[in-house]
Amino acid sequence: MNSKEFARRRTQLSRMVAPGGIAILPAAHVRMRSRDVEHRYRQDSDFYYLTGFAEPEAVAVLAPGRSNGEYLLFCRERDSDKELWNGRRTGPDGAVQDYGADDAFPIDDIDDILPGIMESCIRVYYTMGVYPDFDSRMAEWVNSLRSRESRGVHTPQEFVALDHLLHDMRLYKSRAEVSAMRKAAKVTARAHTRAMKFVRPGVHEYEVEAEFMHEFHRHDACVSYSPIVGSGANSCTLHYIDNNAELQDGDLVLIDAGCELDYYASDVTRTLPVNGRFSAEQRAVYEIVLEAQLAAIDKTRPDNHWNEPHDAAVNVITRGLKKIGLLDGTLPRLIKDGAYREFFMHRTGHWLGMDVHDVGDYKVGDEWRLLEPGMVMTVEPGIYIPAQSKIPARWRDIGVRIEDDVLVTSDGADILSKDLVKEPDDIEALMQSG
């Protein structure tokens with residue numbers, strides 16, 4: 001992401017914070033995997049969105065109107081001994097030179113410097129509850145200022161939820177962000193294509209997952225969430241991640257996997273016949289889900305509200321389940337009673353961006369939010385028919401989900417993951433070519 005993009009975001013947020021306000025964002029903590037082994041570091045999305053700075057132990061500050069610099073960055077100092085073990089640090093000088101900070105200070109000096117900056121402010125914009133230890137430090141700084149009010153020290157009068165402003169900004173993707181998300185979707189499509197050619201009876205779900213890891217890492221990407229590779233009965237478990245069963249001839253395998261590239265996520269699902277050919281029942285269910293997805297994508301356009309794609313998918317799925325004999329009754333009554341939820345129990349999508357389930361309100365007040373250009377969402381209807389005594393045997397253990405990443409444009413929808421086939425004939429042809 002170009003440094004100008006981060007500067008533009010800080011300028012936009014600074015206008016909303018305005019002189020007299022201060023915005024404070026801590027970096028993500030290093031998280032432990034086990035004992036003294038750390039997870040690979042991933043910066044807090046809000047922090048990175050404004051700074052592009054990927055190191056821990058840092059705090060970003062926006063103080064509009066401050067004469068000595070409006071954008072401040074507290075970060076670790078250079079340390080040759082520690083850098084020998086863990087890699088180069090940017091340091092305060094690098095924060096100014098390389099990351100656009102107007103001024104930068106050692107993180108160890110924050111207790112001495114930041115309260116003095118807060119003292120001149122009326123409002124503090126901060127997101128409470130994400131990092132409890134930093135919440136405590138904020139409280140200590142404010143209490144320290146209050147304890148000196150009798151000596152003329154000023155205390156901020158108002159705390160404002162920073163995420164309310166920042167998350168609404170993140171909901172609308174810029175051209176640079178769309179470009180990053182399109183690139184992530186292309187890498188994910190390549191990985192799914194690779195997996196389609198690899199899938200066959202006798203391999204294990206974890207071997208299929210390994211194909212994704214190979215393709216992601218060769219493009220300098222990582223997983224944006226734990227991949228789901230669910231075959232047979234596992235295809236009907238929505239968040240199945242064990243990925244340890246052997247693929248059986250005649251089963252389906254549902255693969256929900258996406259990569260994160262340059263801090264932007266993709267989220268794509270396809271469902272495949274393990275042996276390369278859909279059975280009549282598998283194809284019937286697959287075609288219902290595909291029709292539902294296409295209907296939902298058709299409703300993903302400006303001035304439609306958030307729930308219209310879901311309503312369209314529900315209509316198609318309910319009608320389809322009635323047609324194949326898994327639901328009985330009139331279509332309006334089945335929809336009103338939510339009979340479809342036995343087989344389609346989740347929403348049709350979610351916001352997508354720096355986080356897989358990205359930030360942004362789905363409702364404004366009591367009304368569904370209207371879709372606008374620049375919003376990106378997943379469209380992912382599904383049908384899941386676990387083995388039950390009342391279900392005819394030929395339909396059991398059929399789980400199908402089809403998911404794409406969709407950008408709302410000025411005149412409709414742009415499918416970012418359109419490079420990946422999803423017509424059943426095309427899937428079969430691709431699997432046979434492998």
# chains A, B, ... in the order shown; residues from 1 in each chain; ligands from 1
>>> select_by_dssp(residues="range 118-352 of chain A", states="alpha helix (DSSP H)", output="PyMOL selection string")
chain A and resi 118+132-147+162-171+175-198+205-217+280-298+308-323+331-337
>>> closest_residue(among="A:Asp262, A:Asp251, A:Glu55, A:Asp81", to="Val400 in chain A", atoms="only C-alpha atoms")
A:Asp251
>>> select_by_dssp(residues="range 266-413 of chain A", states="strand (DSSP E)", output="compact mmCIF listing (two decimals) with C-alpha atoms, in the first residue's frame")
# COMPACT_ATOMS: atom_id res chain seq x y z
CA VAL A 268 -13.94 -18.12 -1.02
CA THR A 269 -15.79 -21.45 -0.88
CA ARG A 270 -16.32 -24.16 -3.46
CA THR A 271 -17.85 -27.63 -3.16
CA LEU A 272 -16.46 -30.49 -5.23
CA PRO A 273 -17.31 -34.13 -5.96
CA LYS A 363 -28.01 -1.60 10.37
CA VAL A 364 -28.37 2.16 10.75
CA GLU A 367 -33.10 -0.20 9.37
CA TRP A 368 -30.84 -2.36 7.23
CA VAL A 376 -17.11 -5.36 -0.23
CA MET A 377 -19.01 -8.38 1.03
CA THR A 378 -19.12 -12.14 0.69
CA VAL A 379 -22.10 -13.87 -0.91
CA GLY A 382 -25.49 -23.00 1.39
CA ILE A 383 -27.54 -26.14 1.97
CA TYR A 384 -26.48 -28.71 4.57
CA ILE A 385 -28.27 -32.06 4.88
CA ILE A 398 -24.66 -33.47 1.25
CA GLY A 399 -23.23 -30.12 2.29
CA VAL A 400 -22.86 -27.41 -0.36
CA ARG A 401 -21.70 -23.80 -0.01
CA ASP A 404 -17.45 -15.30 -3.68
CA ASP A 405 -16.05 -11.89 -2.74
CA VAL A 406 -18.20 -9.13 -4.21
CA LEU A 407 -17.55 -5.40 -4.61
CA VAL A 408 -20.51 -3.05 -4.82
CA THR A 409 -19.99 -0.75 -7.81
CA GLY A 412 -24.07 -3.37 -9.74
CA ALA A 413 -21.57 -5.93 -8.49
>>> atom_distance(atom1="CA of Thr300 in chain A", atom2="CA of Leu371 in chain A")
7.4 Å
>>> closest_atom_pairs(of="range 266-362 of chain A", to="range 156-163 of chain A", cutoff="12 Å", atoms="only C-alpha atoms", output="JSON lines")
{"residue": "A:Val359", "atom": "CA", "partner": "A:Asp163", "partner_atom": "CA", "distance": 9.0}
{"residue": "A:Gly360", "atom": "CA", "partner": "A:Asp163", "partner_atom": "CA", "distance": 9.4}
{"residue": "A:Asp361", "atom": "CA", "partner": "A:Asp163", "partner_atom": "CA", "distance": 11.0}
>>> closest_residue(among="A:Phe278, A:Tyr286, A:Phe212, A:Tyr126", to="Ala257 in chain A", atoms="only C-alpha atoms")
A:Phe212
>>> closest_residue(among="A:Pro332, A:Gly258, A:Gly320, A:Pro381", to="Val356 in chain A", atoms="only C-alpha atoms")
A:Gly258
>>> closest_residue(among="A:Leu73, A:Ile297, A:Ala180, A:Leu290", to="Gln97 in chain A", atoms="only C-alpha atoms")
A:Leu73
>>> atom_distance(atom1="CA of Met345 in chain A", atom2="CA of Glu281 in chain A")
20.4 Å
>>> residues_around(residues="Arg394 in chain A", least_positions_apart="2", cutoff="10 Å", atoms="only C-alpha atoms", output="ChimeraX atom specification")
/A:279-282,387,391-392,396-398
>>> closest_residue(among="A:Leu254, A:Cys222, A:Val285, A:Val142", to="His192 in chain A", atoms="only C-alpha atoms")
A:Leu254
>>> atom_distance(atom1="CA of Ala292 in chain A", atom2="CA of Ala339 in chain A")
16.2 Å
>>> residues_around(residues="range 28-33 of chain A", least_positions_apart="6", cutoff="12 Å", atoms="only C-alpha atoms", output="list in words")
His39, Arg40, Tyr41, Arg42, Gln43, Asp44, Ser45, Asp46, Phe47, Tyr48, Phe53, Ala54, Glu55, Pro56, Glu57, Ala58, Val59, Ala60, Val130, Tyr131, Pro132, Asp133 and Phe134 of chain A
>>> write_last_selection(atoms="C-alpha atoms", output="PDB file, in the first residue's frame")
ATOM      1  CA  HIS A  39       2.567 -16.633  17.037  1.00  0.00           C
ATOM      2  CA  ARG A  40       3.753 -14.849  13.920  1.00  0.00           C
ATOM      3  CA  TYR A  41       3.027 -11.189  14.591  1.00  0.00           C
ATOM      4  CA  ARG A  42       0.033  -9.588  12.915  1.00  0.00           C
ATOM      5  CA  GLN A  43      -0.620  -5.890  13.497  1.00  0.00           C
ATOM      6  CA  ASP A  44      -3.974  -4.590  14.756  1.00  0.00           C
ATOM      7  CA  SER A  45      -6.092  -3.768  11.702  1.00  0.00           C
ATOM      8  CA  ASP A  46      -7.147  -0.293  12.858  1.00  0.00           C
ATOM      9  CA  PHE A  47      -3.580   0.605  13.782  1.00  0.00           C
ATOM     10  CA  TYR A  48      -2.177  -0.637  10.471  1.00  0.00           C
ATOM     11  CA  PHE A  53       3.513   0.253  10.737  1.00  0.00           C
ATOM     12  CA  ALA A  54       3.810  -3.483  11.455  1.00  0.00           C
ATOM     13  CA  GLU A  55       5.833  -3.594  14.688  1.00  0.00           C
ATOM     14  CA  PRO A  56       4.532  -4.365  18.202  1.00  0.00           C
ATOM     15  CA  GLU A  57       4.989  -2.125  21.249  1.00  0.00           C
ATOM     16  CA  ALA A  58       3.820   1.011  19.494  1.00  0.00           C
ATOM     17  CA  VAL A  59       1.175   3.692  19.954  1.00  0.00           C
ATOM     18  CA  ALA A  60      -0.093   6.048  17.254  1.00  0.00           C
ATOM     19  CA  VAL A 130      -9.743  -4.255  22.934  1.00  0.00           C
ATOM     20  CA  TYR A 131      -6.556  -4.128  25.018  1.00  0.00           C
ATOM     21  CA  PRO A 132      -7.477  -4.100  28.745  1.00  0.00           C
ATOM     22  CA  ASP A 133      -3.923  -3.377  29.889  1.00  0.00           C
ATOM     23  CA  PHE A 134      -3.812  -0.243  27.738  1.00  0.00           C
TER      24      PHE A 134
END
>>> residues_around(residues="Cys75 in chain A", least_positions_apart="6", cutoff="12 Å", atoms="only C-alpha atoms", output="PyMOL selection string")
chain A and resi 26-27+53-61+89-96+99+101+103-110
>>> write_last_selection(atoms="C-alpha atoms", output="mmCIF file, in the first residue's frame")
data_model
loop_
_atom_site.group_PDB
_atom_site.id
_atom_site.type_symbol
_atom_site.label_atom_id
_atom_site.label_comp_id
_atom_site.auth_asym_id
_atom_site.auth_seq_id
_atom_site.Cartn_x
_atom_site.Cartn_y
_atom_site.Cartn_z
ATOM 1 C CA PRO A 26 -2.195 1.037 20.520
ATOM 2 C CA ALA A 27 -0.557 -1.662 18.402
ATOM 3 C CA PHE A 53 3.513 0.253 10.737
ATOM 4 C CA ALA A 54 3.810 -3.483 11.455
ATOM 5 C CA GLU A 55 5.833 -3.594 14.688
ATOM 6 C CA PRO A 56 4.532 -4.365 18.202
ATOM 7 C CA GLU A 57 4.989 -2.125 21.249
ATOM 8 C CA ALA A 58 3.820 1.011 19.494
ATOM 9 C CA VAL A 59 1.175 3.692 19.954
ATOM 10 C CA ALA A 60 -0.093 6.048 17.254
ATOM 11 C CA VAL A 61 -1.459 9.478 18.164
ATOM 12 C CA ARG A 89 13.564 -2.292 14.379
ATOM 13 C CA THR A 90 12.461 0.929 12.774
ATOM 14 C CA GLY A 91 13.173 3.208 15.730
ATOM 15 C CA PRO A 92 11.848 6.766 16.205
ATOM 16 C CA ASP A 93 14.041 8.212 13.440
ATOM 17 C CA GLY A 94 12.771 5.592 10.997
ATOM 18 C CA ALA A 95 9.173 6.266 12.071
ATOM 19 C CA VAL A 96 9.590 9.838 10.848
ATOM 20 C CA TYR A 99 6.328 6.099 7.990
ATOM 21 C CA ALA A 101 5.259 10.569 11.482
ATOM 22 C CA ASP A 103 7.415 13.318 15.445
ATOM 23 C CA ALA A 104 8.338 10.020 17.114
ATOM 24 C CA PHE A 105 9.423 8.995 20.594
ATOM 25 C CA PRO A 106 10.661 5.857 22.353
ATOM 26 C CA ILE A 107 7.759 3.775 23.636
ATOM 27 C CA ASP A 108 9.379 3.703 27.080
ATOM 28 C CA ASP A 109 8.876 7.494 27.328
ATOM 29 C CA ILE A 110 5.133 7.425 26.688
#
>>> closest_residue(among="A:Ala429, A:Cys259, A:Ala210, A:Leu50", to="Met181 in chain A", atoms="only C-alpha atoms")
A:Cys259
>>> residues_around(residues="Arg170 in chain A", least_positions_apart="3", cutoff="10 Å", atoms="only C-alpha atoms", output="list in words")
Arg9, Ser45, Asp46, Tyr49, Asp163, Leu165, Leu166, His167, Lys173, Ser174, Glu177, Leu352, Gly353, Met354, Asp358, Val359, Gly360, Gly374 and Met375 of chain A
>>> write_last_selection(atoms="N, CA and C atoms", output="mmCIF file, in the first residue's frame")
data_model
loop_
_atom_site.group_PDB
_atom_site.id
_atom_site.type_symbol
_atom_site.label_atom_id
_atom_site.label_comp_id
_atom_site.auth_asym_id
_atom_site.auth_seq_id
_atom_site.Cartn_x
_atom_site.Cartn_y
_atom_site.Cartn_z
ATOM 1 N N ARG A 9 -5.726 8.608 4.816
ATOM 2 C CA ARG A 9 -6.615 8.122 5.869
ATOM 3 C C ARG A 9 -6.446 8.927 7.151
ATOM 4 N N SER A 45 -5.628 -4.281 12.995
ATOM 5 C CA SER A 45 -6.092 -3.768 11.702
ATOM 6 C C SER A 45 -6.314 -2.264 11.720
ATOM 7 N N ASP A 46 -6.923 -1.739 12.787
ATOM 8 C CA ASP A 46 -7.147 -0.293 12.858
ATOM 9 C C ASP A 46 -5.823 0.462 12.882
ATOM 10 N N TYR A 49 -4.204 0.268 9.472
ATOM 11 C CA TYR A 49 -4.986 1.046 8.505
ATOM 12 C C TYR A 49 -4.532 2.508 8.473
ATOM 13 N N ASP A 163 -13.693 3.738 17.336
ATOM 14 C CA ASP A 163 -14.095 2.748 16.336
ATOM 15 C C ASP A 163 -15.341 3.165 15.575
ATOM 16 N N LEU A 165 -15.974 6.055 14.287
ATOM 17 C CA LEU A 165 -15.501 6.822 13.133
ATOM 18 C C LEU A 165 -14.653 5.958 12.201
ATOM 19 N N LEU A 166 -13.713 5.244 12.793
ATOM 20 C CA LEU A 166 -12.715 4.536 12.006
ATOM 21 C C LEU A 166 -13.321 3.371 11.233
ATOM 22 N N HIS A 167 -14.253 2.668 11.841
ATOM 23 C CA HIS A 167 -14.835 1.509 11.167
ATOM 24 C C HIS A 167 -15.764 1.911 10.035
ATOM 25 N N LYS A 173 -14.111 0.978 0.609
ATOM 26 C CA LYS A 173 -12.779 0.665 0.114
ATOM 27 C C LYS A 173 -12.363 1.631 -0.993
ATOM 28 N N SER A 174 -11.135 2.105 -0.894
ATOM 29 C CA SER A 174 -10.567 2.979 -1.922
ATOM 30 C C SER A 174 -10.116 2.141 -3.116
ATOM 31 N N GLU A 177 -7.325 -0.112 -2.055
ATOM 32 C CA GLU A 177 -7.801 -1.260 -1.276
ATOM 33 C C GLU A 177 -8.465 -2.296 -2.173
ATOM 34 N N LEU A 352 -16.252 -7.681 4.166
ATOM 35 C CA LEU A 352 -14.914 -8.237 3.959
ATOM 36 C C LEU A 352 -13.935 -7.091 3.746
ATOM 37 N N GLY A 353 -12.744 -7.227 4.311
ATOM 38 C CA GLY A 353 -11.729 -6.189 4.138
ATOM 39 C C GLY A 353 -10.435 -6.598 4.787
ATOM 40 N N MET A 354 -9.914 -5.773 5.696
ATOM 41 C CA MET A 354 -8.698 -6.135 6.409
ATOM 42 C C MET A 354 -8.945 -7.312 7.349
ATOM 43 N N ASP A 358 -15.320 -8.286 8.465
ATOM 44 C CA ASP A 358 -14.799 -6.930 8.574
ATOM 45 C C ASP A 358 -15.744 -6.034 9.357
ATOM 46 N N VAL A 359 -15.202 -4.887 9.741
ATOM 47 C CA VAL A 359 -15.941 -3.922 10.548
ATOM 48 C C VAL A 359 -16.990 -3.201 9.694
ATOM 49 N N GLY A 360 -17.946 -2.595 10.376
ATOM 50 C CA GLY A 360 -19.014 -1.856 9.714
ATOM 51 C C GLY A 360 -20.365 -2.312 10.219
ATOM 52 N N GLY A 374 -18.114 0.765 -3.227
ATOM 53 C CA GLY A 374 -16.932 0.685 -2.389
ATOM 54 C C GLY A 374 -17.041 -0.317 -1.261
ATOM 55 N N MET A 375 -18.255 -0.765 -0.975
ATOM 56 C CA MET A 375 -18.425 -1.801 0.042
ATOM 57 C C MET A 375 -18.074 -3.160 -0.563
#
>>> decode(residues="range 142-193 of chain A", atoms="C-alpha atoms", output="short mmCIF file (atom, residue, chain, number, x, y, z; two decimals), in the first residue's frame")
data_model
loop_
_atom_site.label_atom_id
_atom_site.label_comp_id
_atom_site.auth_asym_id
_atom_site.auth_seq_id
_atom_site.Cartn_x
_atom_site.Cartn_y
_atom_site.Cartn_z
CA VAL A 142 -6.45 10.60 33.15
CA ASN A 143 -6.45 10.09 36.92
CA SER A 144 -2.98 11.62 37.07
CA LEU A 145 -4.23 14.70 35.26
CA ARG A 146 -7.31 14.93 37.50
CA SER A 147 -5.17 14.74 40.63
CA ARG A 148 -3.40 17.91 39.50
CA GLU A 149 -6.49 19.92 38.49
CA SER A 150 -6.15 22.09 41.60
CA ARG A 151 -2.78 23.20 40.23
CA GLY A 152 -4.33 24.28 36.94
CA VAL A 153 -3.76 21.07 34.99
CA HIS A 154 -6.50 20.46 32.43
CA THR A 155 -8.28 17.10 32.03
CA PRO A 156 -10.10 16.00 28.84
CA GLN A 157 -13.85 16.38 29.31
CA GLU A 158 -15.07 13.70 26.95
CA PHE A 159 -14.13 10.21 25.76
CA VAL A 160 -15.45 9.23 22.32
CA ALA A 161 -15.51 5.76 20.73
CA LEU A 162 -12.85 5.93 18.02
CA ASP A 163 -14.09 2.75 16.34
CA HIS A 164 -17.38 4.45 15.45
CA LEU A 165 -15.50 6.82 13.13
CA LEU A 166 -12.71 4.54 12.01
CA HIS A 167 -14.84 1.51 11.17
CA ASP A 168 -17.17 3.54 9.01
CA MET A 169 -14.10 4.74 7.09
CA ARG A 170 -12.90 1.16 6.65
CA LEU A 171 -16.28 0.04 5.29
CA TYR A 172 -15.72 2.04 2.08
CA LYS A 173 -12.78 0.66 0.11
CA SER A 174 -10.57 2.98 -1.92
CA ARG A 175 -9.15 2.09 -5.34
CA ALA A 176 -5.92 0.98 -3.69
CA GLU A 177 -7.80 -1.26 -1.28
CA VAL A 178 -9.93 -2.78 -4.04
CA SER A 179 -6.74 -3.48 -5.99
CA ALA A 180 -5.24 -5.24 -2.95
CA MET A 181 -8.39 -7.29 -2.42
CA ARG A 182 -8.58 -8.22 -6.08
CA LYS A 183 -4.99 -9.47 -5.88
CA ALA A 184 -5.78 -11.54 -2.77
CA ALA A 185 -8.84 -13.01 -4.50
CA LYS A 186 -6.74 -13.97 -7.53
CA VAL A 187 -4.23 -15.82 -5.37
CA THR A 188 -7.09 -17.58 -3.59
CA ALA A 189 -8.65 -18.54 -6.92
CA ARG A 190 -5.32 -20.05 -8.01
CA ALA A 191 -5.16 -22.06 -4.81
CA HIS A 192 -8.71 -23.38 -5.22
CA THR A 193 -7.94 -24.29 -8.83
#
